[in-house]
file final_32.cif (mmCIF, C-alpha atoms)
data_run
loop_
_atom_site.label_atom_id
_atom_site.label_comp_id
_atom_site.auth_asym_id
_atom_site.auth_seq_id
_atom_site.Cartn_x
_atom_site.Cartn_y
_atom_site.Cartn_z
CA MET Q 875 216.59 152.81 181.10
CA ASN Q 876 216.36 155.50 178.54
CA PHE Q 877 213.58 157.99 178.45
CA ASN Q 878 212.02 159.30 175.31
CA ALA Q 879 208.80 160.73 174.00
CA THR Q 880 206.99 157.51 174.92
CA LEU Q 881 206.77 159.10 178.36
CA ILE Q 882 204.68 161.95 177.01
CA GLY Q 883 202.63 159.69 174.77
CA GLN Q 884 201.90 157.41 177.67
CA SER Q 885 200.87 160.30 179.90
CA ILE Q 886 198.47 161.63 177.27
CA THR Q 887 197.04 158.16 176.71
CA PHE Q 888 196.65 157.67 180.43
CA ILE Q 889 194.86 160.97 180.90
CA PHE Q 890 192.56 160.20 178.00
CA PHE Q 891 191.74 156.73 179.35
CA VAL Q 892 191.02 158.09 182.81
CA TRP Q 893 188.83 160.82 181.35
CA PHE Q 894 186.92 158.28 179.25
CA CYS Q 895 186.49 155.94 182.19
CA MET Q 896 185.31 158.78 184.42
CA LYS Q 897 182.88 160.03 181.80
CA PHE Q 898 181.44 156.91 180.19
CA VAL Q 899 182.26 153.83 182.23
CA TRP Q 900 182.13 154.54 185.93
CA PRO Q 901 178.89 156.55 186.28
CA PRO Q 902 176.51 154.15 184.46
CA ILE Q 903 177.84 151.13 186.30
CA MET Q 904 177.72 152.85 189.66
CA ASN Q 905 174.24 154.08 188.83
CA ALA Q 906 173.07 150.58 188.06
CA LEU Q 907 174.64 149.29 191.26
CA GLU Q 908 173.12 152.03 193.40
CA THR Q 909 169.71 151.64 191.81
CA ARG Q 910 169.77 147.90 192.33
CA LYS Q 911 170.89 148.35 195.92
CA LYS Q 912 167.99 150.69 196.49
CA GLN Q 913 165.54 148.32 194.80
CA ILE Q 914 166.68 145.46 196.97
CA ALA Q 915 166.46 147.60 200.09
CA ASP Q 916 162.97 148.72 199.10
CA GLY Q 917 161.95 145.15 198.39
CA LEU Q 918 163.20 144.00 201.77
CA ALA Q 919 161.46 146.88 203.50
CA ALA Q 920 158.21 146.05 201.67
CA ALA Q 921 158.56 142.41 202.69
CA ASP Q 922 159.07 143.49 206.29
CA ARG Q 923 156.07 145.74 206.11
CA GLY Q 924 153.99 142.93 204.60
CA LYS Q 925 155.09 140.60 207.35
CA HIS Q 926 154.17 143.15 209.96
CA GLU Q 927 150.79 143.71 208.39
CA LEU Q 928 150.22 139.99 208.25
CA GLU Q 929 150.99 139.75 211.94
CA LEU Q 930 148.59 142.57 212.68
CA ALA Q 931 145.88 140.94 210.57
CA ALA Q 932 146.41 137.61 212.28
CA LYS Q 933 146.18 139.30 215.64
CA LYS Q 934 143.04 141.10 214.59
CA ALA Q 935 141.52 137.89 213.27
CA GLY Q 936 142.30 136.19 216.57
CA ASP Q 937 140.69 139.02 218.48
CA ASN Q 938 137.60 138.86 216.29
CA MET Q 939 137.43 135.12 216.75
CA ARG Q 940 137.67 135.46 220.50
CA ASP Q 941 134.95 138.13 220.53
CA ALA Q 942 132.72 136.02 218.34
CA LYS Q 943 133.24 133.02 220.56
CA ALA Q 944 132.44 135.05 223.65
CA GLN Q 945 129.33 136.43 221.99
CA ALA Q 946 128.22 133.00 220.88
CA ALA Q 947 128.74 131.65 224.37
CA GLU Q 948 126.69 134.50 225.77
CA VAL Q 949 123.91 133.92 223.27
CA ILE Q 950 123.87 130.21 224.06
CA ALA Q 951 123.82 130.91 227.77
CA GLN Q 952 120.96 133.33 227.33
CA ALA Q 953 119.09 130.88 225.18
CA GLU Q 954 119.54 128.16 227.72
CA LYS Q 955 118.38 130.44 230.43
CA ARG Q 956 115.40 131.42 228.38
CA ALA Q 957 114.60 127.80 227.58
CA ALA Q 958 114.75 126.90 231.22
CA GLN Q 959 112.51 129.82 231.96
CA ILE Q 960 110.02 128.77 229.30
CA ILE Q 961 110.01 125.23 230.60
CA GLU Q 962 109.54 126.57 234.08
CA GLU Q 963 106.66 128.73 232.94
CA ALA Q 964 105.12 125.88 231.00
CA LYS Q 965 105.41 123.66 234.03
CA GLU Q 966 103.83 126.33 236.17
CA ALA Q 967 101.01 126.81 233.70
CA ALA Q 968 100.45 123.08 233.39
CA LYS Q 969 100.40 122.69 237.13
CA GLN Q 970 97.92 125.51 237.51
CA GLU Q 971 95.74 124.09 234.79
CA GLY Q 972 95.93 120.66 236.38
CA ASP Q 973 95.05 122.11 239.75
CA ARG Q 974 92.22 124.06 238.22
CA GLN Q 975 90.86 121.01 236.45
CA LEU Q 976 91.34 118.92 239.54
CA ALA Q 977 89.49 121.46 241.60
CA ALA Q 978 86.72 121.62 239.01
CA ALA Q 979 86.49 117.84 238.91
CA GLN Q 980 86.43 117.66 242.69
CA ALA Q 981 83.74 120.33 242.79
CA ASN Q 982 81.82 118.44 240.19
CA ILE Q 983 82.19 115.23 242.11
CA ALA Q 984 81.15 116.88 245.31
CA GLN Q 985 78.17 118.38 243.58
CA GLU Q 986 77.25 115.05 242.05
CA THR Q 987 77.69 113.37 245.40
CA ASN Q 988 75.52 115.93 247.07
CA ARG Q 989 72.94 115.62 244.43
CA ALA Q 990 73.00 111.85 244.61
CA ARG Q 991 72.89 112.05 248.41
CA GLU Q 992 70.00 114.45 248.20
CA GLY Q 993 68.22 112.12 245.80
CA LEU Q 994 68.98 109.13 247.97
CA ARG Q 995 67.84 110.94 251.07
CA GLU Q 996 64.64 111.88 249.33
CA GLN Q 997 64.17 108.36 248.14
CA VAL Q 998 65.10 106.85 251.55
CA ALA Q 999 62.81 109.30 253.25
CA ALA Q 1000 60.09 108.50 250.79
CA LEU Q 1001 60.78 104.80 251.27
CA ALA Q 1002 60.83 105.17 255.01
CA VAL Q 1003 57.66 107.14 254.93
CA ALA Q 1004 56.11 104.71 252.53
CA GLY Q 1005 57.29 101.78 254.77
CA ALA Q 1006 56.07 103.49 257.89
CA GLU Q 1007 52.81 104.34 256.17
CA LYS Q 1008 52.37 100.72 255.20
CA ILE Q 1009 53.16 99.57 258.70
CA LEU Q 1010 51.12 102.22 260.40
CA ARG Q 1011 48.31 102.52 257.79
CA ARG Q 1012 45.76 101.95 260.11
CA GLU Q 1013 46.77 103.59 263.24
CA VAL Q 1014 48.75 106.38 261.93
CA ASN Q 1015 47.12 109.47 260.71
CA ALA Q 1016 49.25 111.39 258.40
CA GLN Q 1017 48.09 114.61 259.85
CA THR Q 1018 48.68 113.60 263.40
CA HIS Q 1019 52.02 112.18 262.87
CA ALA Q 1020 53.26 114.72 260.41
CA ASP Q 1021 55.62 116.16 262.97
CA LEU Q 1022 57.11 112.83 263.65
CA LEU Q 1023 57.44 112.05 259.97
CA SER Q 1024 59.17 115.26 259.04
CA GLN Q 1025 61.50 114.85 262.02
CA LEU Q 1026 62.38 111.39 260.80
CA LYS Q 1027 62.83 112.71 257.33
CA ALA Q 1028 65.30 115.25 258.55
CA GLU Q 1029 67.24 112.66 260.47
CA LEU Q 1030 67.66 110.42 257.44
CA MET C 723 214.61 130.03 169.14
CA ALA C 724 217.43 131.10 171.36
CA THR C 725 219.73 129.15 169.05
CA GLU C 726 219.20 131.67 166.27
CA TYR C 727 221.15 134.25 168.18
CA ALA C 728 224.92 134.52 168.36
CA SER C 729 224.94 134.17 172.11
CA SER C 730 222.69 134.12 175.13
CA GLY C 731 223.69 137.71 175.77
CA GLU C 732 222.55 138.65 172.31
CA TYR C 733 219.22 136.88 172.87
CA ILE C 734 218.59 138.65 176.13
CA LYS C 735 219.60 142.02 174.75
CA HIS C 736 217.32 141.53 171.79
CA HIS C 737 214.37 140.67 173.99
CA LEU C 738 214.86 143.69 176.17
CA GLN C 739 215.07 146.09 173.25
CA ASN C 740 212.07 148.20 172.39
CA LEU C 741 211.00 148.91 168.84
CA THR C 742 212.04 152.55 168.79
CA TYR C 743 211.20 154.99 166.06
CA GLY C 744 213.21 158.18 165.92
CA GLN C 745 215.58 160.38 164.02
CA LEU C 746 219.22 159.45 163.57
CA PRO C 747 221.44 162.48 163.18
CA ALA C 748 223.40 163.18 160.01
CA GLY C 749 226.78 161.59 159.93
CA TYR C 750 225.72 158.67 162.14
CA GLU C 751 227.45 155.40 161.32
CA ARG C 752 225.01 152.51 161.11
CA HIS C 753 226.41 149.05 161.60
CA ASP C 754 224.28 146.23 160.23
CA VAL C 755 224.42 142.57 161.23
CA HIS C 756 226.95 141.74 158.56
CA GLY C 757 229.41 144.30 159.80
CA ASN C 758 228.84 146.77 156.96
CA VAL C 759 228.97 150.43 157.88
CA GLU C 760 226.64 152.97 156.39
CA VAL C 761 227.22 156.65 157.06
CA LEU C 762 224.01 158.65 156.99
CA GLN C 763 224.26 161.68 154.71
CA GLN C 764 221.37 163.47 156.44
CA ALA C 765 219.22 163.09 159.54
CA THR C 766 216.96 160.09 158.97
CA TRP C 767 213.68 158.96 160.63
CA THR C 768 213.87 155.22 161.06
CA PHE C 769 213.54 152.30 163.46
CA ALA C 770 216.52 151.87 165.73
CA HIS C 771 218.65 148.76 165.41
CA GLY C 772 220.31 148.18 168.74
CA ALA C 773 220.80 150.16 171.88
CA GLU C 774 223.43 152.55 170.43
CA GLU C 775 221.05 153.81 167.82
CA VAL C 776 218.33 154.28 170.43
CA LYS C 777 220.77 156.36 172.42
CA ALA C 778 221.69 158.39 169.34
CA MET C 779 218.04 159.17 168.68
CA GLY C 780 217.77 161.07 171.94
CA PHE C 781 214.56 162.03 173.69
CA TRP C 782 212.41 162.66 170.62
CA SER C 783 211.91 159.07 169.66
CA ILE C 784 209.10 156.76 170.56
CA ASN C 785 208.80 153.14 171.61
CA VAL C 786 206.26 152.00 169.07
CA ASP C 787 205.69 148.58 170.64
CA SER C 788 205.06 150.01 174.11
CA MET C 789 202.63 152.55 172.77
CA LEU C 790 200.80 150.08 170.57
CA PHE C 791 200.39 147.44 173.23
CA SER C 792 199.53 149.84 176.02
CA ILE C 793 196.98 151.71 173.92
CA GLY C 794 195.59 148.46 172.55
CA LEU C 795 195.21 146.95 176.02
CA GLY C 796 193.71 150.16 177.35
CA LEU C 797 191.20 150.15 174.51
CA ILE C 798 190.30 146.53 175.22
CA PHE C 799 189.63 147.45 178.84
CA LEU C 800 187.57 150.51 177.93
CA PHE C 801 185.70 148.66 175.19
CA PHE C 802 184.50 145.85 177.43
CA PHE C 803 183.74 148.08 180.37
CA ARG C 804 181.95 150.59 178.18
CA MET C 805 179.90 147.76 176.66
CA ALA C 806 178.92 146.59 180.12
CA ALA C 807 178.20 150.15 181.23
CA LYS C 808 175.92 150.74 178.26
CA LYS C 809 173.91 147.62 178.91
CA ALA C 810 174.02 147.91 182.67
CA THR C 811 170.65 146.89 184.04
CA THR C 812 169.38 147.14 187.53
CA GLY C 813 167.91 143.68 187.17
CA VAL C 814 169.76 140.41 187.49
CA PRO C 815 173.20 140.93 185.91
CA ALA C 816 174.71 138.27 183.70
CA GLY C 817 178.00 137.45 182.02
CA LEU C 818 180.16 140.44 181.27
CA GLN C 819 178.15 142.74 183.49
CA ASN C 820 178.70 140.39 186.40
CA PHE C 821 182.43 140.48 185.93
CA VAL C 822 182.54 144.23 185.41
CA GLU C 823 180.38 144.86 188.45
CA TRP C 824 182.61 142.60 190.50
CA VAL C 825 185.70 144.58 189.49
CA VAL C 826 183.96 147.92 189.95
CA GLU C 827 182.71 146.99 193.40
CA PHE C 828 186.15 145.79 194.38
CA ILE C 829 187.69 149.09 193.26
CA ASP C 830 184.90 151.05 194.89
CA GLY C 831 185.51 149.21 198.16
CA SER C 832 189.23 149.92 197.98
CA VAL C 833 188.62 153.59 197.29
CA ARG C 834 186.11 153.87 200.12
CA GLY C 835 188.59 152.17 202.42
CA SER C 836 191.57 154.40 201.65
CA PHE C 837 190.13 157.66 200.39
CA SER C 838 188.13 159.68 202.88
CA HIS C 839 187.23 162.73 200.81
CA GLN C 840 184.79 163.66 198.09
CA ASN C 841 186.26 163.41 194.62
CA ALA C 842 184.56 161.93 191.59
CA LEU C 843 187.90 161.45 189.83
CA VAL C 844 189.55 159.04 192.20
CA ALA C 845 187.44 155.91 191.75
CA PRO C 846 187.47 155.91 187.91
CA LEU C 847 191.17 156.74 188.06
CA ALA C 848 191.75 153.77 190.34
CA LEU C 849 189.71 151.52 188.05
CA THR C 850 191.67 152.61 185.00
CA VAL C 851 195.00 152.21 186.78
CA PHE C 852 194.13 148.77 188.08
CA MET C 853 192.69 147.30 184.90
CA TRP C 854 195.21 148.87 182.59
CA VAL C 855 198.24 147.95 184.66
CA PHE C 856 196.84 144.48 185.14
CA LEU C 857 196.35 143.95 181.41
CA MET C 858 199.81 145.34 180.63
CA ASN C 859 201.34 143.06 183.24
CA PHE C 860 199.29 140.18 181.91
CA MET C 861 201.24 140.29 178.66
CA ASP C 862 204.10 138.94 180.75
CA LEU C 863 202.34 135.57 180.90
CA LEU C 864 202.49 135.12 177.14
CA PRO C 865 205.53 133.01 176.29
CA VAL C 866 208.40 135.43 175.70
CA ASP C 867 209.15 134.29 172.16
CA TRP C 868 205.73 134.11 170.54
CA LEU C 869 205.05 137.68 169.57
CA PRO C 870 208.69 138.75 169.10
CA TYR C 871 209.23 135.77 166.82
CA ALA C 872 206.05 136.46 164.86
CA ALA C 873 207.21 140.07 164.52
CA ALA C 874 210.67 139.00 163.40
CA VAL C 875 209.17 136.72 160.76
CA SER C 876 207.11 139.60 159.42
CA GLY C 877 210.16 141.85 159.29
CA VAL C 878 209.85 143.85 162.50
CA PRO C 879 213.24 143.67 164.21
CA TYR C 880 212.21 144.24 167.83
CA MET C 881 209.03 143.63 169.76
CA LYS C 882 208.76 144.04 173.51
CA ILE C 883 205.22 143.07 174.35
CA VAL C 884 204.98 143.90 178.06
CA PRO C 885 204.46 147.68 178.21
CA SER C 886 205.01 147.78 181.96
CA THR C 887 208.60 146.62 181.49
CA ASP C 888 209.19 149.93 179.76
CA PRO C 889 210.03 152.64 182.32
CA ASN C 890 208.54 155.24 179.99
CA VAL C 891 205.17 153.62 180.47
CA THR C 892 205.31 153.33 184.26
CA PHE C 893 206.76 156.81 184.65
CA GLY C 894 204.21 158.21 182.25
CA MET C 895 201.50 157.02 184.58
CA SER C 896 203.21 157.83 187.85
CA LEU C 897 204.13 161.35 186.73
CA SER C 898 200.54 161.99 185.64
CA ILE C 899 199.44 160.86 189.06
CA PHE C 900 202.14 163.02 190.63
CA PHE C 901 200.79 166.09 188.86
CA LEU C 902 197.32 165.22 190.10
CA VAL C 903 198.75 164.99 193.62
CA LEU C 904 200.38 168.43 193.25
CA TYR C 905 197.19 169.88 191.76
CA TYR C 906 194.96 168.63 194.53
CA SER C 907 197.48 169.54 197.23
CA VAL C 908 197.46 173.14 196.06
CA LYS C 909 193.71 173.13 195.42
CA MET C 910 192.80 171.73 198.83
CA LYS C 911 195.36 173.48 201.04
CA GLY C 912 196.31 176.49 198.96
CA ALA C 913 199.85 177.14 197.81
CA GLY C 914 200.78 178.46 201.26
CA GLY C 915 199.25 175.51 203.04
CA PHE C 916 201.02 173.08 200.78
CA PHE C 917 204.32 174.89 201.30
CA SER C 918 203.91 174.99 205.06
CA GLU C 919 203.18 171.27 205.00
CA LEU C 920 206.51 170.77 203.27
CA ALA C 921 208.50 173.31 205.27
CA PHE C 922 207.18 173.52 208.83
CA GLN C 923 207.12 169.90 209.91
CA PRO C 924 208.18 167.46 211.25
CA PHE C 925 210.77 169.73 212.94
CA PRO C 926 210.16 173.21 214.39
CA LYS C 927 209.85 176.12 212.00
CA PHE C 928 213.39 177.49 212.32
CA LEU C 929 214.71 174.22 210.89
CA PHE C 930 212.66 174.71 207.75
CA PRO C 931 215.53 173.96 205.31
CA VAL C 932 215.86 170.52 206.88
CA ASN C 933 212.12 170.05 206.76
CA LEU C 934 211.96 171.16 203.17
CA LEU C 935 214.71 168.76 202.21
CA LEU C 936 213.10 165.81 204.02
CA GLU C 937 209.57 166.45 202.81
CA GLY C 938 210.78 167.35 199.34
CA VAL C 939 212.58 164.05 199.01
CA GLY C 940 209.52 162.30 200.37
CA LEU C 941 207.35 164.01 197.80
CA ILE C 942 209.63 163.31 194.87
CA ALA C 943 210.06 159.72 196.00
CA LYS C 944 206.33 159.08 195.51
CA PRO C 945 206.18 159.02 191.69
CA ILE C 946 209.65 157.54 191.37
CA SER C 947 208.99 154.65 193.73
CA LEU C 948 205.56 154.12 192.23
CA ALA C 949 206.97 153.80 188.72
CA LEU C 950 210.12 151.93 189.65
CA ARG C 951 208.31 149.35 191.75
CA LEU C 952 206.07 148.31 188.88
CA PHE C 953 208.83 148.56 186.31
CA GLY C 954 211.31 146.65 188.47
CA ASN C 955 208.94 143.83 189.25
CA MET C 956 207.82 143.38 185.70
CA TYR C 957 211.29 143.79 184.27
CA ALA C 958 212.70 141.21 186.65
CA GLY C 959 209.86 138.81 185.95
CA GLU C 960 210.34 139.21 182.23
CA MET C 961 214.07 138.70 182.65
CA ILE C 962 213.49 135.42 184.44
CA PHE C 963 211.13 134.27 181.70
CA ILE C 964 213.84 135.09 179.18
CA LEU C 965 216.48 133.22 181.17
CA ILE C 966 214.19 130.22 181.42
CA ALA C 967 213.53 130.43 177.69
CA LEU C 968 217.29 130.15 177.14
CA MET C 969 217.09 126.61 178.53
CA PHE C 970 214.96 125.48 175.60
CA GLY C 971 218.06 125.64 173.42
CA GLY C 972 220.15 123.45 175.73
CA GLY C 973 219.09 119.90 174.98
CA TRP C 974 215.89 118.10 175.84
CA ILE C 975 216.59 117.55 179.54
CA LEU C 976 217.16 121.26 180.08
CA ALA C 977 214.20 122.01 177.84
CA VAL C 978 211.85 119.85 179.92
CA PHE C 979 213.23 121.34 183.09
CA GLY C 980 212.83 124.79 181.58
CA GLY C 981 209.24 124.01 180.65
CA ALA C 982 208.46 123.02 184.21
CA LEU C 983 210.20 126.13 185.52
CA GLN C 984 208.36 128.35 183.10
CA TRP C 985 205.05 126.90 184.16
CA ALA C 986 205.88 127.36 187.84
CA TRP C 987 207.12 130.90 187.35
CA ALA C 988 204.07 131.77 185.26
CA VAL C 989 201.75 130.51 187.99
CA PHE C 990 203.64 132.52 190.56
CA HIS C 991 203.57 135.47 188.22
CA ILE C 992 199.78 135.47 188.13
CA LEU C 993 200.01 136.54 191.74
CA ILE C 994 202.69 139.14 191.03
CA ILE C 995 200.97 140.85 188.14
CA THR C 996 197.74 141.14 190.09
CA LEU C 997 199.51 142.26 193.21
CA GLN C 998 201.54 144.89 191.38
CA ALA C 999 198.43 146.25 189.70
CA PHE C 1000 196.70 146.36 193.07
CA ILE C 1001 199.66 148.07 194.76
CA PHE C 1002 199.90 150.65 192.01
CA MET C 1003 196.20 151.39 192.38
CA THR C 1004 196.22 151.49 196.17
CA LEU C 1005 199.22 153.81 196.30
CA THR C 1006 197.56 156.07 193.76
CA ILE C 1007 194.53 156.31 196.02
CA VAL C 1008 196.64 156.82 199.13
CA TYR C 1009 198.75 159.56 197.54
CA LEU C 1010 195.62 161.37 196.40
CA ASP C 1011 194.12 160.95 199.86
CA MET C 1012 197.22 162.49 201.38
CA ALA C 1013 196.98 165.34 198.89
CA HIS C 1014 193.44 166.02 200.09
CA ALA C 1015 194.16 165.69 203.80
CA GLU C 1016 194.73 168.76 205.93
CA HIS C 1017 197.88 168.31 207.95
CA HIS C 1018 197.70 168.44 211.71
#
call {"tool": "encode", "arguments": {"input": "final_32.cif", "output": "structure tokens"}}
result
Amino acid sequence: MNFNATLIGQSITFIFFVWFCMKFVWPPIMNALETRKKQIADGLAAADRGKHELELAAKKAGDNMRDAKAQAAEVIAQAEKRAAQIIEEAKEAAKQEGDRQLAAAQANIAQETNRAREGLREQVAALAVAGAEKILRREVNAQTHADLLSQLKAEL
Amino acid sequence: MATEYASSGEYIKHHLQNLTYGQLPAGYERHDVHGNVEVLQQATWTFAHGAEEVKAMGFWSINVDSMLFSIGLGLIFLFFFRMAAKKATTGVPAGLQNFVEWVVEFIDGSVRGSFSHQNALVAPLALTVFMWVFLMNFMDLLPVDWLPYAAAVSGVPYMKIVPSTDPNVTFGMSLSIFFLVLYYSVKMKGAGGFFSELAFQPFPKFLFPVNLLLEGVGLIAKPISLALRLFGNMYAGEMIFILIALMFGGGWILAVFGGALQWAWAVFHILIITLQAFIFMTLTIVYLDMAHAEHH
């Protein structure tokens, strides 16, 4: 081993290389690495956030769906109830109308019957009177037997 | 190629010799390969031939091959990383950026694991240390004769291509780191705090000379062990490659065996060069962490 000025030359070279590396090599590379690290971290965070938001949206959508279903069910139930009610009312109205018409028809019939009975009674009474008159023409005086005749008429 | 040398010793010596440029003093006797002697009339700047001339040049000479390869490798590292840094996107990375980001994140993780203070210098320092040391070590995996032989053919007498087998290189780095450790120790704890850390523990205060000795040795040992560990490992690895390469000159059976050995050692060495680069980096971080830490 013998030492000479190479020692000094080497030291100067070394110091220069380190200075150059420190000034022009290390910082840009580290910068790039740090920036990329940050970008990746940001990207991952954004992805996480997106995922979270998606979950929230899905939850919200589910809630909305459930609400809508509940509402629809309620509407249907109401509609059914209303339909039943309408049917009920219609039935009621129909029954009343039927009853009314029935009653009218019965009244009509009764009226007709009465009228026919009245007519018949008149006719029978007239017939009976006419028959009795024929039989009793001679002996029966209408005036004298008027009481009897009207009594008979009433009985028929 | 080992056969071109006078002996195995010559071959090994040649491969462990740096290409040194320096000044030979006046009156120095140069011996060339043919045994001729040339006496220098005046001090001459030249490339050293052999270890004696390197010694004669003294401290003010320079290992041209170490400097060239280490600077070249450092520039390759900075070039590619700078290219990636310029084009760094925050989008999906591809190709070079992928690789660079992988390395940077690995270093960043290591620094976060071992360094518990705020300092913008440490991570880039660790990156530079790791990549540079790794690339310098990586030269060890090139077959030992390729580049030296190519250099010899083009007239360059010596060429040691693994900069981290040159103690100047490892000590150059470790001493720079050591000065950083001293700087941050004083900056974080103050001169007094740093001194009391060295003098007033682990033993009670009245034993402060003992403390100072112990802690002082511990402190000095940091850069020395840091540099010697890397140097020793790489030097030994290189030495084994050279020894294996010697087999190629010993007949075809030895050559085949040597080839197999070289392959095996190279595969094992992939682990060593990476590990040594990692250790150098980790210890750098740990030393700087200790420099920042308040003592309890």
call {"tool": "interface_residues", "arguments": {"input": "final_32.cif", "of": "chain Q", "to": "chain C", "cutoff": "9 Å", "atoms": "only C-alpha atoms", "output": "number ranges by chain"}}
result
Q: 875-889, 891-911, 913
call {"tool": "resolve_selection", "arguments": {"input": "final_32.cif", "expression": "the PyMOL selection byres ((chain C and resi 944) around 12)", "output": "ChimeraX atom specification"}}
result
/C:893,896-901,903-904,937-943,945-951,1002,1005-1006,1008-1010,1012-1013
call {"tool": "write_last_selection", "arguments": {"input": "final_32.cif", "atoms": "C-alpha atoms", "output": "mmCIF file, keeping the file's coordinate frame"}}
result
data_model
loop_
_atom_site.group_PDB
_atom_site.id
_atom_site.type_symbol
_atom_site.label_atom_id
_atom_site.label_comp_id
_atom_site.auth_asym_id
_atom_site.auth_seq_id
_atom_site.Cartn_x
_atom_site.Cartn_y
_atom_site.Cartn_z
ATOM 1 C CA PHE C 893 206.760 156.810 184.650
ATOM 2 C CA SER C 896 203.210 157.830 187.850
ATOM 3 C CA LEU C 897 204.130 161.350 186.730
ATOM 4 C CA SER C 898 200.540 161.990 185.640
ATOM 5 C CA ILE C 899 199.440 160.860 189.060
ATOM 6 C CA PHE C 900 202.140 163.020 190.630
ATOM 7 C CA PHE C 901 200.790 166.090 188.860
ATOM 8 C CA VAL C 903 198.750 164.990 193.620
ATOM 9 C CA LEU C 904 200.380 168.430 193.250
ATOM 10 C CA GLU C 937 209.570 166.450 202.810
ATOM 11 C CA GLY C 938 210.780 167.350 199.340
ATOM 12 C CA VAL C 939 212.580 164.050 199.010
ATOM 13 C CA GLY C 940 209.520 162.300 200.370
ATOM 14 C CA LEU C 941 207.350 164.010 197.800
ATOM 15 C CA ILE C 942 209.630 163.310 194.870
ATOM 16 C CA ALA C 943 210.060 159.720 196.000
ATOM 17 C CA PRO C 945 206.180 159.020 191.690
ATOM 18 C CA ILE C 946 209.650 157.540 191.370
ATOM 19 C CA SER C 947 208.990 154.650 193.730
ATOM 20 C CA LEU C 948 205.560 154.120 192.230
ATOM 21 C CA ALA C 949 206.970 153.800 188.720
ATOM 22 C CA LEU C 950 210.120 151.930 189.650
ATOM 23 C CA ARG C 951 208.310 149.350 191.750
ATOM 24 C CA PHE C 1002 199.900 150.650 192.010
ATOM 25 C CA LEU C 1005 199.220 153.810 196.300
ATOM 26 C CA THR C 1006 197.560 156.070 193.760
ATOM 27 C CA VAL C 1008 196.640 156.820 199.130
ATOM 28 C CA TYR C 1009 198.750 159.560 197.540
ATOM 29 C CA LEU C 1010 195.620 161.370 196.400
ATOM 30 C CA MET C 1012 197.220 162.490 201.380
ATOM 31 C CA ALA C 1013 196.980 165.340 198.890
#
call {"tool": "atom_distance", "arguments": {"input": "final_32.cif", "atom1": "CA of Asp916 (chain Q)", "atom2": "CA of Gly817 (chain C)"}}
result
25.4 Å
call {"tool": "resolve_selection", "arguments": {"input": "final_32.cif", "expression": "the PyMOL selection byres ((chain C and resi 983) around 12)", "output": "ChimeraX atom specification"}}
result
/C:962-970,976-982,984-991
call {"tool": "resolve_selection", "arguments": {"input": "final_32.cif", "expression": "the PyMOL selection byres ((chain C and resi 908) around 12)", "output": "VMD selection string"}}
result
chain C and resid 901 to 907 909 to 920 1010 1012 to 1016
call {"tool": "atom_distance", "arguments": {"input": "final_32.cif", "atom1": "CA of Lys882 (chain C)", "atom2": "CA of Asn740 (chain C)"}}
result
5.4 Å
call {"tool": "atom_distance", "arguments": {"input": "final_32.cif", "atom1": "CA of Ile950 (chain Q)", "atom2": "CA of Ala932 (chain Q)"}}
result
26.5 Å
call {"tool": "closest_residue", "arguments": {"input": "final_32.cif", "among": "C:Leu936, C:Val759, C:Val878, C:Leu818", "to": "Gln923 (chain C)", "atoms": "all atoms listed in the file"}}
result
C:Leu936
